[in-house]
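Worksheet: one structure, shown below.
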Amino acid sequence: AQTAAAALARLAAEMNDVVAALKAHGGTGLQTQTVSLQPQTNVRGQVTGYAADDQVSAESAIAGAGALIDAAVAAGANTVDGTRLSFSDRDGAYRKALGEAVANARDKAQALGAAGGFGVGPVSTVTEESQAPQPVDFGAVSAKAAGTPVEAGTQEVNADVTVTFRLQ
C-alpha cells in the first residue's frame, strides 16, 4: 500500500477473513504469531510503499487439517508454514512407554537369569534415565479428501529406565 496505515488496514480486513474461515472450519487455539509492517524501498533507498504481514496459528484434528488449510487459503492466506503434527495425550503416552521400558527390563533380566542359572526377584530400584525411542502410530487417520492431504505418520515418545532386580 502507499501508506503504513493503508497497509495495516488492508491486512486487518484480509486477516479477519482468514481468522473467520479458520474458526468456521474447526480451527481451535488460534493465536497471532507475528504482525509486521515494513517500508518498501527502491534502489535509491526511497520509500515506495509499505508491506504488512500477519501470521496466525490454529490447531485441528488431523482429519480436518487439510480442509482447514484449504479454507484459510480460500479466505486469502497466501502462506502456509510450519505445519506440525502432535498428539493430545503425550504425558499418557510417556507413562505407557515408561511401563513398557520396565517390562522390557524384566524380560531381559529373566533371559539373563535363565542363561546364568539364577532367578529374578522383585525390583529393588528404578531410575528414569534419559529417553530411548518408542514410536506412537497415529493410525490410519489422515485427511484424504479432495483438498490438501495431511498424513498422520508417527511420532516418538521416549522413555529409558535402569531397573535393578533382586536375585533369587
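How things are named: the first chain in the C-alpha cells is A, the next is B, and so on; residues count from 1 in each chain; ligands count from 1 in the order shown.
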Test item: residues at most 7 Å from range 91-95 of chain A, only C-alpha atoms, excluding those fewer than 6 positions along its chain, as a ChimeraX atom specification
/A:157-159
At most 10 Å is the cut-off: for each residue in range 31-56 of chain A with any atom that close to an atom of range 73-85 of chain A, write down the nearest atom pair and the distance in Å rounded to one decimal, counting only C-alpha atoms, chain first then increasing number, as a Markdown table.
```
| residue | atom | partner | partner_atom | distance |
| --- | --- | --- | --- | --- |
| A:Asp54 | CA | A:Ala77 | CA | 9.6 |
| A:Gln55 | CA | A:Thr79 | CA | 8.8 |
| A:Val56 | CA | A:Ala77 | CA | 9.8 |
```
For range 97-108 of chain A, find every residue with an atom within 9 Å (counting only C-alpha atoms), except residues of its own chain fewer than 6 positions away, and show them as a CSV table (one decimal) with N, CA and C atoms, in the first residue's frame.
```
chain,number,residue,atom,x,y,z
A,120,VAL,N,15.1,-64.2,39.0
A,120,VAL,CA,14.9,-62.8,39.1
A,120,VAL,C,13.8,-62.5,40.1
A,123,VAL,N,11.7,-56.0,42.1
A,123,VAL,CA,12.5,-54.8,41.7
A,123,VAL,C,13.0,-54.1,43.0
A,126,VAL,N,14.4,-48.4,40.6
A,126,VAL,CA,14.1,-48.0,39.2
A,126,VAL,C,14.5,-46.5,39.1
A,128,GLU,N,14.7,-43.4,36.3
A,128,GLU,CA,14.3,-42.9,35.0
A,128,GLU,C,15.6,-42.2,34.5
A,134,GLN,N,10.3,-44.7,21.3
A,134,GLN,CA,9.2,-45.6,21.4
A,134,GLN,C,8.2,-45.0,20.4
A,157,VAL,N,7.6,-41.3,21.4
A,157,VAL,CA,7.6,-40.9,22.8
A,157,VAL,C,8.7,-41.7,23.5
A,158,ASN,N,9.6,-41.1,24.2
A,158,ASN,CA,10.8,-41.8,24.6
A,158,ASN,C,10.8,-42.0,26.1
A,159,ALA,N,11.2,-43.2,26.6
A,159,ALA,CA,11.4,-43.5,28.0
A,159,ALA,C,12.6,-44.5,28.1
A,160,ASP,N,13.5,-44.2,29.0
A,160,ASP,CA,14.6,-45.1,29.3
A,160,ASP,C,14.8,-45.2,30.8
A,161,VAL,N,14.8,-46.4,31.3
A,161,VAL,CA,14.9,-46.6,32.7
A,161,VAL,C,16.0,-47.6,33.0
A,162,THR,N,16.6,-47.5,34.2
A,162,THR,CA,17.5,-48.5,34.7
A,162,THR,C,16.8,-49.2,35.9
A,163,VAL,N,16.7,-50.5,35.8
A,163,VAL,CA,15.9,-51.3,36.8
A,163,VAL,C,16.9,-52.3,37.4
A,164,THR,N,16.9,-52.3,38.8
A,164,THR,CA,17.7,-53.3,39.5
A,164,THR,C,16.8,-54.3,40.1
A,165,PHE,N,17.0,-55.6,39.9
A,165,PHE,CA,16.2,-56.6,40.4
A,165,PHE,C,17.0,-57.4,41.5
```
Give me the residues near Gly29 in chain A as a list in words, where near means some atom within 8 Å (using only C-alpha atoms) and where sequence neighbours in that chain fewer than 3 positions away do not count.
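In the requested form, the answer reads Ser57, Ala58 and Glu59 of chain A.
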Who sits within 9 Å of range 7-16 of chain A, only C-alpha atoms, same chain under 3 positions skipped, as a list of chain:residue names
A:Ala1, A:Gln2, A:Thr3, A:Ala4, A:Val19, A:Ala20, A:Ala21, A:Ser36, A:Leu37, A:Gly49, A:Tyr50, A:Ala51, A:Ala52, A:Asp53, A:Asp54, A:Gln55, A:Val56, A:Ala75, A:Gly76, A:Ala77
Filtering to all heavy atoms, could you give me those residues as a compact mmCIF listing (two decimals), in the first residue's frame?
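For reference, result_27.txt as written:
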```txt
# COMPACT_ATOMS: atom_id res chain seq x y z
N ALA A 1 0.85 -1.19 0.00
CA ALA A 1 0.00 0.00 0.00
C ALA A 1 0.89 1.24 0.00
O ALA A 1 2.08 1.17 0.32
CB ALA A 1 -0.92 -0.01 1.21
N GLN A 2 0.30 2.37 -0.30
CA GLN A 2 1.05 3.62 -0.36
C GLN A 2 1.42 4.17 1.02
O GLN A 2 2.43 4.85 1.17
CB GLN A 2 0.26 4.68 -1.15
CG GLN A 2 0.12 4.37 -2.62
CD GLN A 2 1.48 4.31 -3.31
OE1 GLN A 2 2.34 5.14 -3.10
NE2 GLN A 2 1.68 3.27 -4.12
N THR A 3 0.59 3.86 2.03
CA THR A 3 0.88 4.34 3.38
C THR A 3 0.89 3.17 4.35
O THR A 3 0.30 2.11 4.09
CB THR A 3 -0.18 5.35 3.86
OG1 THR A 3 -1.43 4.66 4.01
CG2 THR A 3 -0.32 6.52 2.89
N ALA A 4 1.55 3.38 5.49
CA ALA A 4 1.59 2.35 6.52
C ALA A 4 0.18 2.06 7.03
O ALA A 4 -0.19 0.89 7.21
CB ALA A 4 2.49 2.79 7.66
N VAL A 19 -9.13 -15.53 9.72
CA VAL A 19 -9.47 -15.99 11.07
C VAL A 19 -10.90 -16.54 11.11
O VAL A 19 -11.16 -17.59 11.71
CB VAL A 19 -9.25 -14.87 12.11
CG1 VAL A 19 -9.88 -15.22 13.45
CG2 VAL A 19 -7.75 -14.60 12.28
N ALA A 20 -11.82 -15.86 10.47
CA ALA A 20 -13.21 -16.33 10.44
C ALA A 20 -13.29 -17.69 9.75
O ALA A 20 -14.01 -18.58 10.21
CB ALA A 20 -14.10 -15.31 9.73
N ALA A 21 -12.54 -17.87 8.67
CA ALA A 21 -12.54 -19.16 7.96
C ALA A 21 -11.94 -20.26 8.82
O ALA A 21 -12.45 -21.38 8.86
CB ALA A 21 -11.77 -19.03 6.64
N SER A 36 3.77 -7.63 11.30
CA SER A 36 4.90 -6.78 10.94
C SER A 36 4.49 -5.79 9.85
O SER A 36 3.56 -6.04 9.08
CB SER A 36 6.09 -7.62 10.47
OG SER A 36 5.76 -8.36 9.31
N LEU A 37 5.21 -4.70 9.82
CA LEU A 37 4.99 -3.64 8.83
C LEU A 37 6.37 -3.14 8.41
O LEU A 37 7.17 -2.75 9.27
CB LEU A 37 4.17 -2.51 9.45
CG LEU A 37 3.94 -1.27 8.59
CD1 LEU A 37 3.04 -1.61 7.41
CD2 LEU A 37 3.32 -0.17 9.44
N GLY A 49 6.38 2.39 -0.75
CA GLY A 49 5.13 1.84 -0.22
C GLY A 49 5.41 1.05 1.04
O GLY A 49 6.52 1.10 1.58
N TYR A 50 4.39 0.33 1.49
CA TYR A 50 4.51 -0.42 2.73
C TYR A 50 3.92 -1.82 2.56
O TYR A 50 2.94 -1.99 1.84
CB TYR A 50 3.79 0.31 3.87
CG TYR A 50 4.47 1.61 4.20
CD1 TYR A 50 4.17 2.78 3.50
CD2 TYR A 50 5.45 1.67 5.19
CE1 TYR A 50 4.80 3.97 3.78
CE2 TYR A 50 6.09 2.86 5.48
CZ TYR A 50 5.76 4.00 4.77
OH TYR A 50 6.41 5.18 5.05
N ALA A 51 4.55 -2.77 3.21
CA ALA A 51 4.07 -4.15 3.19
C ALA A 51 3.79 -4.57 4.62
O ALA A 51 4.58 -4.31 5.53
CB ALA A 51 5.10 -5.09 2.56
N ALA A 52 2.65 -5.19 4.81
CA ALA A 52 2.26 -5.67 6.14
C ALA A 52 2.09 -7.18 6.10
O ALA A 52 1.71 -7.75 5.07
CB ALA A 52 0.97 -5.00 6.58
N ASP A 53 2.41 -7.83 7.21
CA ASP A 53 2.35 -9.28 7.29
C ASP A 53 1.78 -9.66 8.65
O ASP A 53 2.07 -9.03 9.66
CB ASP A 53 3.77 -9.86 7.13
CG ASP A 53 3.77 -11.37 7.17
OD1 ASP A 53 3.07 -11.99 6.36
OD2 ASP A 53 4.48 -11.92 8.03
N ASP A 54 0.98 -10.70 8.67
CA ASP A 54 0.37 -11.21 9.90
C ASP A 54 0.39 -12.72 9.82
O ASP A 54 0.06 -13.30 8.79
CB ASP A 54 -1.08 -10.71 9.99
CG ASP A 54 -1.74 -10.98 11.33
OD1 ASP A 54 -1.22 -11.78 12.12
OD2 ASP A 54 -2.82 -10.41 11.55
N GLN A 55 0.82 -13.36 10.90
CA GLN A 55 0.81 -14.82 10.94
C GLN A 55 -0.03 -15.27 12.12
O GLN A 55 0.11 -14.75 13.22
CB GLN A 55 2.23 -15.37 11.10
CG GLN A 55 3.10 -15.09 9.91
CD GLN A 55 4.51 -15.61 10.11
OE1 GLN A 55 4.82 -16.26 11.09
NE2 GLN A 55 5.38 -15.33 9.15
N VAL A 56 -0.91 -16.23 11.84
CA VAL A 56 -1.77 -16.77 12.89
C VAL A 56 -1.64 -18.29 12.85
O VAL A 56 -1.49 -18.88 11.78
CB VAL A 56 -3.24 -16.33 12.72
CG1 VAL A 56 -3.85 -16.87 11.45
CG2 VAL A 56 -4.08 -16.70 13.92
N ALA A 75 -9.71 -18.04 1.92
CA ALA A 75 -10.10 -16.78 2.55
C ALA A 75 -9.05 -15.69 2.37
O ALA A 75 -9.27 -14.55 2.76
CB ALA A 75 -10.36 -17.00 4.03
N GLY A 76 -7.89 -16.04 1.78
CA GLY A 76 -6.89 -15.02 1.50
C GLY A 76 -5.51 -15.28 2.05
O GLY A 76 -4.59 -14.51 1.77
N ALA A 77 -5.33 -16.31 2.83
CA ALA A 77 -3.98 -16.62 3.31
C ALA A 77 -3.10 -16.94 2.12
O ALA A 77 -3.51 -17.64 1.21
CB ALA A 77 -4.01 -17.80 4.28
```
Backbone-only DSSP, strand (DSSP E) members of chain A, as number ranges by chain:
A: 28-41, 47-59, 120-128, 135-137, 142-143, 150-151, 154-156, 161-167
Restricted to N, CA and C atoms, what would the selected residues look like written as a short mmCIF file (atom, residue, chain, number, x, y, z; two decimals), in the first residue's frame?
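Writing the result to again.cif gives the following:
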```cif
data_model
loop_
_atom_site.label_atom_id
_atom_site.label_comp_id
_atom_site.auth_asym_id
_atom_site.auth_seq_id
_atom_site.Cartn_x
_atom_site.Cartn_y
_atom_site.Cartn_z
N THR A 28 -8.99 -24.45 16.19
CA THR A 28 -9.03 -24.07 17.61
C THR A 28 -7.67 -23.53 18.01
N GLY A 29 -7.61 -22.96 19.19
CA GLY A 29 -6.35 -22.45 19.72
C GLY A 29 -5.72 -21.40 18.84
N LEU A 30 -6.52 -20.59 18.16
CA LEU A 30 -5.98 -19.57 17.28
C LEU A 30 -5.12 -18.60 18.08
N GLN A 31 -3.97 -18.25 17.50
CA GLN A 31 -3.07 -17.32 18.17
C GLN A 31 -2.27 -16.55 17.13
N THR A 32 -2.22 -15.24 17.29
CA THR A 32 -1.39 -14.43 16.42
C THR A 32 0.06 -14.68 16.77
N GLN A 33 0.87 -14.99 15.76
CA GLN A 33 2.29 -15.25 15.97
C GLN A 33 3.13 -14.00 15.73
N THR A 34 2.85 -13.30 14.64
CA THR A 34 3.58 -12.06 14.35
C THR A 34 2.68 -11.11 13.58
N VAL A 35 2.94 -9.85 13.74
CA VAL A 35 2.37 -8.80 12.90
C VAL A 35 3.55 -7.89 12.58
N SER A 36 3.77 -7.63 11.30
CA SER A 36 4.90 -6.78 10.94
C SER A 36 4.49 -5.79 9.85
N LEU A 37 5.21 -4.70 9.82
CA LEU A 37 4.99 -3.64 8.83
C LEU A 37 6.37 -3.14 8.41
N GLN A 38 6.65 -3.17 7.10
CA GLN A 38 7.95 -2.72 6.61
C GLN A 38 7.78 -1.77 5.44
N PRO A 39 8.61 -0.74 5.43
CA PRO A 39 8.62 0.11 4.23
C PRO A 39 9.27 -0.64 3.08
N GLN A 40 8.80 -0.42 1.89
CA GLN A 40 9.38 -0.98 0.68
C GLN A 40 10.14 0.15 0.00
N THR A 41 11.36 -0.12 -0.43
CA THR A 41 12.19 0.94 -1.00
C THR A 41 12.66 0.57 -2.40
N VAL A 47 11.37 5.33 0.00
CA VAL A 47 10.19 4.53 0.33
C VAL A 47 9.18 4.64 -0.81
N THR A 48 8.77 3.47 -1.30
CA THR A 48 7.81 3.43 -2.40
C THR A 48 6.45 2.90 -1.96
N GLY A 49 6.38 2.39 -0.75
CA GLY A 49 5.13 1.84 -0.22
C GLY A 49 5.41 1.05 1.04
N TYR A 50 4.39 0.33 1.49
CA TYR A 50 4.51 -0.42 2.73
C TYR A 50 3.92 -1.82 2.56
N ALA A 51 4.55 -2.77 3.21
CA ALA A 51 4.07 -4.15 3.19
C ALA A 51 3.79 -4.57 4.62
N ALA A 52 2.65 -5.19 4.81
CA ALA A 52 2.26 -5.67 6.14
C ALA A 52 2.09 -7.18 6.10
N ASP A 53 2.41 -7.83 7.21
CA ASP A 53 2.35 -9.28 7.29
C ASP A 53 1.78 -9.66 8.65
N ASP A 54 0.98 -10.70 8.67
CA ASP A 54 0.37 -11.21 9.90
C ASP A 54 0.39 -12.72 9.82
N GLN A 55 0.82 -13.36 10.90
CA GLN A 55 0.81 -14.82 10.94
C GLN A 55 -0.03 -15.27 12.12
N VAL A 56 -0.91 -16.23 11.84
CA VAL A 56 -1.77 -16.77 12.89
C VAL A 56 -1.64 -18.29 12.85
N SER A 57 -1.66 -18.91 14.02
CA SER A 57 -1.60 -20.37 14.08
C SER A 57 -2.95 -20.89 14.54
N ALA A 58 -3.25 -22.12 14.15
CA ALA A 58 -4.50 -22.77 14.54
C ALA A 58 -4.23 -24.25 14.73
N GLU A 59 -5.05 -24.89 15.54
CA GLU A 59 -4.96 -26.33 15.77
C GLU A 59 -6.20 -26.99 15.18
N VAL A 120 15.05 -64.23 39.00
CA VAL A 120 14.91 -62.78 39.09
C VAL A 120 13.81 -62.48 40.09
N GLY A 121 14.16 -61.72 41.12
CA GLY A 121 13.21 -61.39 42.18
C GLY A 121 12.53 -60.06 41.94
N PRO A 122 12.06 -59.46 43.03
CA PRO A 122 11.36 -58.18 42.90
C PRO A 122 12.31 -57.04 42.55
N VAL A 123 11.75 -55.95 42.09
CA VAL A 123 12.51 -54.75 41.74
C VAL A 123 13.02 -54.12 43.04
N SER A 124 14.31 -53.76 43.05
CA SER A 124 14.83 -53.06 44.21
C SER A 124 14.98 -51.56 43.94
N THR A 125 15.29 -51.16 42.69
CA THR A 125 15.34 -49.73 42.34
C THR A 125 14.92 -49.55 40.88
N VAL A 126 14.39 -48.40 40.62
CA VAL A 126 14.08 -47.99 39.25
C VAL A 126 14.52 -46.54 39.12
N THR A 127 15.30 -46.26 38.08
CA THR A 127 15.75 -44.90 37.84
C THR A 127 15.35 -44.51 36.42
N GLU A 128 14.67 -43.40 36.30
CA GLU A 128 14.34 -42.87 34.98
C GLU A 128 15.59 -42.18 34.47
N PRO A 135 7.98 -45.59 19.24
CA PRO A 135 7.08 -44.98 18.25
C PRO A 135 5.62 -45.05 18.69
N VAL A 136 4.90 -44.00 18.36
CA VAL A 136 3.46 -43.95 18.58
C VAL A 136 2.81 -43.75 17.23
N ASP A 137 2.01 -44.70 16.80
CA ASP A 137 1.38 -44.65 15.49
C ASP A 137 0.06 -43.90 15.60
N SER A 142 -6.12 -39.95 8.33
CA SER A 142 -5.46 -38.90 7.56
C SER A 142 -6.53 -38.14 6.81
N ALA A 143 -6.16 -36.95 6.40
CA ALA A 143 -7.09 -36.13 5.64
C ALA A 143 -6.84 -36.41 4.16
N VAL A 150 -3.16 -34.33 4.40
CA VAL A 150 -2.32 -34.27 5.59
C VAL A 150 -2.23 -35.68 6.13
N GLU A 151 -1.06 -36.26 6.10
CA GLU A 151 -0.86 -37.64 6.56
C GLU A 151 -0.43 -37.65 8.01
N THR A 154 3.87 -41.01 12.21
CA THR A 154 4.13 -41.43 13.59
C THR A 154 4.97 -40.37 14.30
N GLN A 155 4.92 -40.41 15.60
CA GLN A 155 5.81 -39.61 16.43
C GLN A 155 6.37 -40.51 17.49
N GLU A 156 7.46 -40.12 18.10
CA GLU A 156 8.09 -40.94 19.12
C GLU A 156 7.86 -40.37 20.50
N VAL A 161 14.82 -46.40 31.27
CA VAL A 161 14.92 -46.63 32.71
C VAL A 161 16.03 -47.64 33.00
N THR A 162 16.58 -47.52 34.20
CA THR A 162 17.50 -48.52 34.72
C THR A 162 16.78 -49.20 35.88
N VAL A 163 16.66 -50.52 35.79
CA VAL A 163 15.94 -51.28 36.80
C VAL A 163 16.91 -52.25 37.44
N THR A 164 16.92 -52.29 38.76
CA THR A 164 17.72 -53.26 39.49
C THR A 164 16.77 -54.27 40.12
N PHE A 165 17.03 -55.55 39.88
CA PHE A 165 16.21 -56.62 40.43
C PHE A 165 17.01 -57.36 41.49
N ARG A 166 16.33 -57.90 42.47
CA ARG A 166 16.97 -58.80 43.43
C ARG A 166 17.10 -60.16 42.78
N LEU A 167 18.21 -60.81 43.05
CA LEU A 167 18.41 -62.16 42.52
C LEU A 167 17.84 -63.18 43.47
#
```
Between CA of Glu129 in chain A and CA of Ala109 in chain A, what is the spacing in Å?
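Interatomic distance, CA of Ala109 in chain A to CA of Glu129 in chain A: 17.7 Å.
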DSSP on the backbone, alpha helix (DSSP H) only: what residues of range 23-136 of chain A does that give? Format it as an MDAnalysis selection string.
chainID A and resid 23:24 62:74 90:116
I'd like the contact shell of Ala61 in chain A - 9 Å cut-off, only C-alpha atoms, skipping same-chain residues fewer than 3 positions apart - returned as number ranges by chain.
A: 26-27, 64-65
Residue selection dump (C-alpha atoms) as a PDB file, in the first residue's frame:
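So the final result, stored in part-v3.pdb, reads:
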```pdb
ATOM      1  CA  GLY A  26     -12.949 -26.187  13.141  1.00  0.00           C
ATOM      2  CA  GLY A  27      -9.692 -24.400  13.887  1.00  0.00           C
ATOM      3  CA  GLY A  64      -9.751 -31.799   9.370  1.00  0.00           C
ATOM      4  CA  ALA A  65      -6.297 -30.302   8.828  1.00  0.00           C
TER       5      ALA A  65
END
```
Pick from A:Leu22, A:Ala6, A:Gly119, A:Gln168 nearest to Asp70 in chain A, counting only C-alpha atoms:
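Closest candidate: A:Leu22.
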